[in-house]
>>> print(open('target36.txt').read())   # compact mmCIF, C-alpha atoms
# COMPACT_ATOMS: atom_id res chain seq x y z
CA MET O 1 0.00 0.00 0.00
CA ARG O 2 3.06 2.24 -0.11
CA ALA O 3 1.93 3.70 -3.44
CA GLN O 4 -1.27 5.04 -1.84
CA LEU O 5 0.72 6.50 1.07
CA GLU O 6 3.13 8.22 -1.27
CA ALA O 7 0.22 9.60 -3.32
CA VAL O 8 -1.11 11.20 -0.13
CA ALA O 9 2.39 12.40 0.79
CA GLU O 10 2.83 13.94 -2.67
CA GLU O 11 -0.37 15.92 -2.26
CA LEU O 12 0.67 17.05 1.22
CA ARG O 13 4.02 18.23 -0.16
CA ARG O 14 2.23 20.27 -2.80
CA LEU O 15 -0.09 21.84 -0.22
CA ARG O 16 2.83 22.63 2.09
CA ALA O 17 4.67 24.32 -0.79
CA GLU O 18 1.60 26.54 -1.26
CA GLY O 19 1.63 27.52 2.39
CA VAL O 20 -1.25 25.30 3.57
CA VAL O 21 -0.73 24.38 7.21
CA ARG O 22 -4.00 22.58 7.99
CA VAL O 23 -5.87 19.98 5.97
CA SER O 24 -9.40 18.71 6.49
CA VAL O 25 -10.64 15.28 5.45
CA ASN O 26 -14.20 14.02 5.45
CA ASP O 27 -15.25 10.88 7.31
CA GLU O 28 -15.73 8.85 4.13
CA THR O 29 -12.23 9.57 2.86
CA LEU O 30 -10.62 8.90 6.24
CA ALA O 31 -12.47 5.60 6.53
CA HIS O 32 -11.25 4.60 3.09
CA LEU O 33 -7.66 5.45 3.96
CA ARG O 34 -7.88 3.43 7.16
CA ALA O 35 -9.36 0.46 5.30
CA THR O 36 -6.63 0.69 2.68
CA LEU O 37 -3.80 0.44 5.22
CA SER O 38 -2.94 -2.81 6.98
CA PRO O 39 -2.40 -2.73 10.78
CA GLN O 40 1.36 -3.03 10.44
CA ASN O 41 1.42 0.25 8.53
CA GLY O 42 0.54 1.93 11.81
CA LEU O 43 -2.08 4.52 10.87
CA PRO O 44 -2.05 6.91 13.85
CA ALA O 45 -5.01 7.15 16.11
CA ALA O 46 -6.61 10.53 16.66
CA GLY O 47 -4.30 12.80 18.62
CA GLN O 48 -1.11 10.97 17.64
CA THR O 49 1.57 12.09 15.20
CA GLU O 50 3.14 10.06 12.45
CA THR O 51 6.04 10.10 10.00
CA VAL O 52 4.72 10.34 6.45
CA PRO O 53 6.86 8.76 3.69
CA GLY O 54 8.34 11.34 1.34
CA LEU O 55 8.18 14.27 3.75
CA ASN O 56 11.87 14.11 4.76
CA GLU O 57 10.78 12.02 7.74
CA LYS O 58 9.49 15.13 9.50
CA ARG O 59 6.70 14.64 11.99
CA VAL O 60 3.44 16.19 10.88
CA ALA O 61 0.15 16.82 12.58
CA PRO O 62 -2.45 14.09 12.07
CA ILE O 63 -5.22 14.65 9.55
CA ARG O 64 -8.47 14.97 11.47
CA PRO O 65 -11.88 14.18 10.00
CA THR O 66 -14.39 16.94 9.50
CA LYS O 67 -17.74 17.16 7.78
CA SER O 68 -17.28 20.76 6.71
CA THR O 69 -15.04 20.48 3.66
CA ALA O 70 -13.65 17.80 1.41
CA SER O 71 -9.91 17.36 1.77
CA ALA O 72 -7.37 17.99 -0.92
CA VAL O 73 -6.11 14.55 0.10
CA SER O 74 -9.25 13.19 -1.58
CA SER O 75 -7.46 13.93 -4.85
CA GLY O 76 -5.85 10.55 -4.16
CA LEU O 77 -9.23 8.92 -4.74
CA ARG O 78 -11.09 8.42 -8.00
CA TRP O 79 -14.72 9.11 -8.83
CA ASP O 80 -15.63 5.61 -7.55
CA GLY O 81 -13.80 6.05 -4.24
CA GLN O 82 -10.90 3.82 -5.25
CA PRO O 83 -7.31 5.07 -4.97
CA VAL O 84 -5.84 6.67 -8.06
CA ALA O 85 -3.74 3.98 -9.72
CA PRO O 86 0.02 4.61 -9.72
CA LEU O 87 1.53 5.44 -13.09
CA PRO O 88 4.27 3.50 -14.86
CA ALA O 89 7.56 5.07 -15.89
CA PRO O 90 7.18 7.99 -18.34
CA PRO O 91 6.93 6.76 -21.93
CA GLU O 92 9.78 7.04 -24.39
CA ILE O 93 8.57 8.72 -27.57
CA LYS O 94 10.49 8.34 -30.82
CA LEU O 95 8.72 10.09 -33.64
CA PRO O 96 8.55 8.31 -36.99
CA LYS O 97 9.79 9.89 -40.18
CA GLY O 98 7.26 11.84 -42.20
CA SER O 99 5.58 15.22 -42.48
CA ARG O 100 4.53 17.14 -39.39
CA GLU O 101 0.92 16.21 -40.12
CA GLU O 102 1.83 12.53 -40.30
CA GLN O 103 3.89 12.71 -37.14
CA MET O 104 1.10 14.48 -35.25
CA ALA O 105 -1.44 11.89 -36.42
CA TRP O 106 0.89 9.12 -35.21
CA LEU O 107 1.38 10.82 -31.86
CA ARG O 108 -2.33 11.42 -31.45
CA GLU O 109 -3.02 7.73 -31.95
CA ARG O 110 -0.24 6.88 -29.51
CA VAL O 111 -1.81 9.08 -26.83
CA LEU O 112 -5.41 8.01 -27.42
CA SER O 113 -4.44 4.34 -27.28
CA CYS O 114 -2.17 4.69 -24.24
CA PRO O 115 -3.38 2.13 -21.65
CA ALA O 116 -2.07 4.13 -18.69
CA CYS O 117 -3.75 7.31 -19.92
CA ASN O 118 -7.08 5.58 -20.52
CA GLU O 119 -6.98 3.97 -17.08
CA HIS O 120 -7.28 7.44 -15.56
CA VAL O 121 -10.20 8.71 -17.64
CA ARG O 122 -13.63 8.87 -16.06
CA PRO O 123 -16.05 6.44 -17.79
CA GLY O 124 -17.77 8.04 -20.76
CA ARG O 125 -15.20 10.85 -21.00
CA LYS O 126 -12.26 11.39 -23.35
CA LEU O 127 -8.54 11.98 -23.42
CA VAL O 128 -7.62 15.43 -24.69
CA PHE O 129 -4.75 15.54 -27.17
CA GLY O 130 -4.48 19.00 -28.75
CA VAL O 131 -5.79 21.09 -31.63
CA GLY O 132 -4.46 23.49 -34.22
CA THR O 133 -1.89 23.42 -36.95
CA PRO O 134 1.32 21.39 -36.57
CA VAL O 135 3.22 24.24 -38.23
CA ALA O 136 2.14 26.92 -35.74
CA GLU O 137 4.49 29.69 -34.67
CA ILE O 138 2.77 29.97 -31.28
CA PHE O 139 2.03 27.03 -28.97
CA PHE O 140 -0.45 27.75 -26.15
CA CYS O 141 0.01 25.33 -23.26
CA GLY O 142 -2.39 24.84 -20.36
CA GLU O 143 -2.30 22.49 -17.40
CA GLY O 144 -4.95 19.89 -18.20
CA PRO O 145 -8.54 19.26 -19.29
CA GLY O 146 -11.55 20.32 -17.27
CA ALA O 147 -15.07 18.89 -17.33
CA ASP O 148 -16.01 20.50 -20.66
CA GLU O 149 -12.75 19.43 -22.28
CA GLU O 150 -12.96 15.78 -21.24
CA GLN O 151 -16.51 15.63 -22.56
CA GLN O 152 -15.57 16.99 -25.99
CA GLY O 153 -12.01 15.67 -26.20
CA GLU O 154 -10.65 19.11 -27.11
CA PRO O 155 -8.60 21.56 -25.03
CA PHE O 156 -9.93 24.94 -23.93
CA VAL O 157 -13.58 24.68 -24.95
CA GLY O 158 -15.20 25.78 -21.68
CA PRO O 159 -15.58 29.40 -20.50
CA ALA O 160 -11.81 29.82 -20.07
CA GLY O 161 -11.28 28.33 -23.51
CA GLN O 162 -13.77 30.71 -25.07
CA LEU O 163 -11.86 33.60 -23.54
CA LEU O 164 -8.59 32.18 -24.88
CA THR O 165 -10.17 32.04 -28.34
CA LYS O 166 -11.05 35.74 -28.05
CA ILE O 167 -7.48 36.56 -27.02
CA ILE O 168 -6.13 34.65 -30.01
CA GLN O 169 -8.56 36.43 -32.31
CA ALA O 170 -7.54 39.82 -30.87
CA MET O 171 -3.99 38.92 -31.89
CA GLY O 172 -5.23 38.56 -35.47
CA LEU O 173 -5.09 34.78 -35.42
CA SER O 174 -7.50 31.87 -34.99
CA ARG O 175 -7.41 28.53 -33.21
CA GLU O 176 -6.61 26.95 -36.55
CA LYS O 177 -3.47 29.11 -36.95
CA VAL O 178 -1.93 28.25 -33.55
CA TYR O 179 -1.49 25.06 -31.58
CA ILE O 180 -3.27 24.50 -28.26
CA GLY O 181 -2.31 21.72 -25.89
CA ASN O 182 -1.95 20.81 -22.23
CA VAL O 183 0.66 19.33 -19.96
CA MET O 184 -1.89 16.66 -18.98
CA LYS O 185 -3.85 14.59 -21.48
CA TRP O 186 -6.56 13.57 -19.02
CA ARG O 187 -8.48 15.40 -16.35
CA PRO O 188 -6.78 14.67 -13.01
CA GLU O 189 -8.98 12.31 -11.09
CA GLN O 190 -11.02 13.27 -8.07
CA GLN O 191 -14.18 12.10 -6.39
CA GLN O 192 -16.44 15.04 -7.14
CA GLU O 193 -17.58 16.00 -10.63
CA TRP O 194 -17.28 19.74 -10.04
CA GLY O 195 -14.04 21.66 -9.94
CA ASN O 196 -10.56 20.51 -10.83
CA ARG O 197 -7.46 19.56 -8.91
CA GLU O 198 -3.88 20.30 -9.85
CA PRO O 199 -1.93 17.36 -11.29
CA THR O 200 0.70 15.73 -9.10
CA LEU O 201 4.38 15.74 -9.95
CA GLU O 202 4.07 12.06 -10.91
CA GLU O 203 1.24 12.81 -13.33
CA ILE O 204 3.16 15.69 -14.89
CA ALA O 205 6.31 13.58 -15.24
CA PHE O 206 4.39 10.84 -17.02
CA SER O 207 2.62 13.26 -19.37
CA LEU O 208 5.57 15.51 -20.22
CA PRO O 209 7.09 13.24 -22.95
CA PHE O 210 3.86 13.56 -24.95
CA LEU O 211 4.00 17.35 -24.69
CA ARG O 212 7.68 17.39 -25.64
CA ALA O 213 6.84 15.33 -28.72
CA GLN O 214 4.10 17.78 -29.70
CA LEU O 215 6.55 20.64 -29.35
CA GLU O 216 9.15 18.73 -31.35
CA ILE O 217 6.66 18.34 -34.18
CA VAL O 218 5.29 21.89 -34.14
CA LYS O 219 8.65 23.59 -33.60
CA PRO O 220 6.98 26.83 -32.43
CA LYS O 221 8.80 30.12 -32.23
CA VAL O 222 7.15 30.81 -28.85
CA ILE O 223 5.43 28.80 -26.13
CA VAL O 224 2.77 30.59 -24.08
CA ALA O 225 2.42 28.91 -20.67
CA LEU O 226 -1.06 29.59 -19.32
CA GLY O 227 -1.08 29.65 -15.55
CA LYS O 228 1.13 28.52 -12.72
CA THR O 229 0.57 24.78 -13.17
CA ALA O 230 1.58 24.92 -16.83
CA VAL O 231 4.66 26.95 -15.87
CA ASN O 232 5.58 24.47 -13.14
CA GLY O 233 5.02 21.57 -15.51
CA LEU O 234 7.32 23.02 -18.13
CA LEU O 235 9.97 24.69 -15.97
CA GLY O 236 9.78 22.52 -12.87
CA PRO O 237 8.05 23.30 -9.56
CA ASP O 238 9.20 26.25 -7.49
CA PRO O 239 7.27 27.03 -4.28
CA THR O 240 8.61 30.60 -4.32
CA ARG O 241 7.31 31.32 -7.82
CA LYS O 242 4.45 33.83 -7.86
CA MET O 243 2.66 34.39 -11.15
CA THR O 244 1.93 38.01 -10.29
CA LYS O 245 5.69 38.65 -10.43
CA PHE O 246 6.77 35.89 -12.81
CA ARG O 247 4.39 36.51 -15.70
CA GLY O 248 5.66 38.59 -18.57
CA GLN O 249 9.27 37.52 -18.07
CA TRP O 250 10.77 35.51 -20.91
CA GLN O 251 11.93 31.99 -20.08
CA THR O 252 13.04 29.04 -22.23
CA PHE O 253 11.92 25.44 -22.52
CA ASP O 254 14.16 23.09 -24.49
CA GLY O 255 15.62 26.14 -26.20
CA VAL O 256 12.23 27.62 -27.16
CA PRO O 257 11.27 31.09 -25.82
CA LEU O 258 8.50 30.72 -23.25
CA MET O 259 6.14 33.46 -22.10
CA PRO O 260 4.41 32.78 -18.77
CA THR O 261 1.08 34.51 -18.33
CA PHE O 262 -2.14 34.19 -16.37
CA HIS O 263 -4.56 31.38 -17.19
CA PRO O 264 -7.78 32.63 -18.83
CA SER O 265 -9.74 31.29 -15.85
CA TYR O 266 -7.85 33.80 -13.68
CA LEU O 267 -9.16 36.58 -15.92
CA LEU O 268 -12.68 35.27 -15.47
CA ARG O 269 -12.26 35.60 -11.70
CA ASN O 270 -10.44 38.94 -11.89
CA GLN O 271 -12.23 41.33 -14.21
CA ALA O 272 -10.04 44.38 -13.59
CA SER O 273 -8.78 45.98 -16.78
CA THR O 274 -5.32 46.23 -15.22
CA ILE O 275 -5.11 42.42 -15.10
CA LYS O 276 -6.42 42.13 -18.65
CA ARG O 277 -3.84 44.66 -19.76
CA GLN O 278 -1.05 42.62 -18.18
CA VAL O 279 -2.05 39.55 -20.15
CA TRP O 280 -2.41 41.61 -23.29
CA GLU O 281 1.08 43.06 -22.81
CA ASP O 282 2.35 39.49 -22.66
CA MET O 283 0.57 38.75 -25.94
CA LEU O 284 2.03 41.88 -27.54
CA ALA O 285 5.49 40.65 -26.54
CA VAL O 286 4.70 37.28 -28.11
CA MET O 287 3.53 38.93 -31.31
CA GLU O 288 6.70 40.99 -31.48
CA ARG O 289 8.87 37.92 -30.88
CA VAL O 290 7.32 36.03 -33.83
CA GLY O 291 7.37 39.12 -36.07
CA MET O 292 3.64 39.74 -36.30
CA PRO O 293 2.43 43.23 -37.25
CA ILE O 294 0.79 45.15 -34.39
CA SER O 295 -1.70 47.93 -35.05
CA GLU O 296 -2.12 51.01 -32.90
CA LYS O 297 -5.57 49.74 -32.00
CA GLN O 298 -4.07 46.50 -30.71
CA ARG O 299 -1.44 48.36 -28.72
CA GLY O 300 -4.15 50.42 -27.06
CA PHE O 301 -6.30 47.56 -25.77
CA PHE O 302 -7.18 47.97 -22.04
CA GLN O 303 -5.21 51.16 -21.61
CA GLY O 304 -6.66 54.07 -19.69
CA LYS O 305 -9.29 51.93 -18.03
CA GLY O 306 -9.65 51.27 -14.35
>>> encode(input="target36.txt", output="structure tokens")
Amino acid sequence: MRAQLEAVAEELRRLRAEGVVRVSVNDETLAHLRATLSPQNGLPAAGQTETVPGLNEKRVAPIRPTKSTASAVSSGLRWDGQPVAPLPAPPEIKLPKGSREEQMAWLRERVLSCPACNEHVRPGRKLVFGVGTPVAEIFFCGEGPGADEEQQGEPFVGPAGQLLTKIIQAMGLSREKVYIGNVMKWRPEQQQEWGNREPTLEEIAFSLPFLRAQLEIVKPKVIVALGKTAVNGLLGPDPTRKMTKFRGQWQTFDGVPLMPTFHPSYLLRNQASTIKRQVWEDMLAVMERVGMPISEKQRGFFQGKG
């Protein structure tokens, strides 16, 4: 059962990196965790402390049950209450010879037929590969599919995706003229249907070879990383990284210029024109980097507004 313990430990590490000092877990989840562990594993009784594997053997406060909120630890459980299955080693991808279109078709089939990927897809839902042209100059990268995306099998089709489409159109492009993909090819599993959880480091590590292969095929001039999780997936996790300070600063991924910016869902939650202007300034920088013409109207978007 060590895999289940380490899955919980991985989630606790992520929460600690984000500054979370207290975690709640509902009775159902706690009961499942207790049933999963054998007596010799020594699950602590209430009020005791325990050493959690993977946390540098530091002693941590016990997780106490509560009925008020579902725990982030429940991200270690699937929709049916079973533990999320551990992933195998990341795949090795060697692209076949051929045109970019042929290579992308081959890679798409490889992803959609991947047994490990399909094992983590909710019944009746789909893996999400990517859309756009394989000869795009700009590659937009998000973190992973949400509920709308796993239903349609296409990235960025929900409200955040519709906003991304508008941003792309404001740049003078269309979804067909860029490439849109995600670090993850499936929606990270959780018990509830609503909301999304961030992928674990293990999930990102497994999925990254597929993304690298997409980038190898497209050979974009610029990667746009949408949101903190996409940035962490591409550049590696950094608990000190704050998107409010990090966005807009050029980075590189495998030698390709990378522009980190806010995820469109952040714009939906923060309607201030100042935030919209920051994202638009990032897009102007991207347009300049790939040599796109910029009109005075485009340069003036969201200026002089509160």
>>> atom_distance(input="target36.txt", atom1="CA of Gly81 (chain O)", atom2="CA of Leu127 (chain O)")
20.8 Å
>>> closest_residue(input="target36.txt", among="O:Val231, O:Ile168, O:Ala136, O:Val128", to="Trp280 (chain O)", atoms="only C-alpha atoms")
O:Ile168
>>> residues_around(input="target36.txt", residues="Gln303 (chain O)", least_positions_apart="6", cutoff="10 Å", atoms="only C-alpha atoms", output="list of chain:residue names")
O:Ser273, O:Thr274, O:Lys276, O:Arg277
>>> write_last_selection(input="target36.txt", atoms="C-alpha atoms", output="PDB file, in the frame of the given file")
ATOM      1  CA  SER O 273      -8.780  45.980 -16.780  1.00  0.00           C
ATOM      2  CA  THR O 274      -5.320  46.230 -15.220  1.00  0.00           C
ATOM      3  CA  LYS O 276      -6.420  42.130 -18.650  1.00  0.00           C
ATOM      4  CA  ARG O 277      -3.840  44.660 -19.760  1.00  0.00           C
TER       5      ARG O 277
END
>>> closest_atom_pairs(input="target36.txt", of="region 128-232 of chain O", to="region 95-115 of chain O", cutoff="8 Å", atoms="all atoms listed in the file", output="tab-separated table")
residue	atom	partner	partner_atom	distance
O:Phe129	CA	O:Arg108	CA	6.4
O:Pro134	CA	O:Arg100	CA	6.0
O:Val135	CA	O:Arg100	CA	7.3
O:Lys185	CA	O:Val111	CA	7.9
O:Phe210	CA	O:Val111	CA	7.5
O:Ala213	CA	O:Leu95	CA	7.4
O:Gln214	CA	O:Met104	CA	7.1
O:Ile217	CA	O:Arg100	CA	5.8
O:Val218	CA	O:Arg100	CA	7.1
>>> closest_residue(input="target36.txt", among="O:Ile167, O:Val131, O:Ile204, O:Val224", to="Tyr179 (chain O)", atoms="all atoms listed in the file")
O:Val131
>>> closest_residue(input="target36.txt", among="O:Met184, O:Val286, O:Met259, O:Ile223", to="Leu211 (chain O)", atoms="all atoms listed in the file")
O:Met184
>>> atom_distance(input="target36.txt", atom1="CA of Val178 (chain O)", atom2="CA of Leu226 (chain O)")
14.3 Å
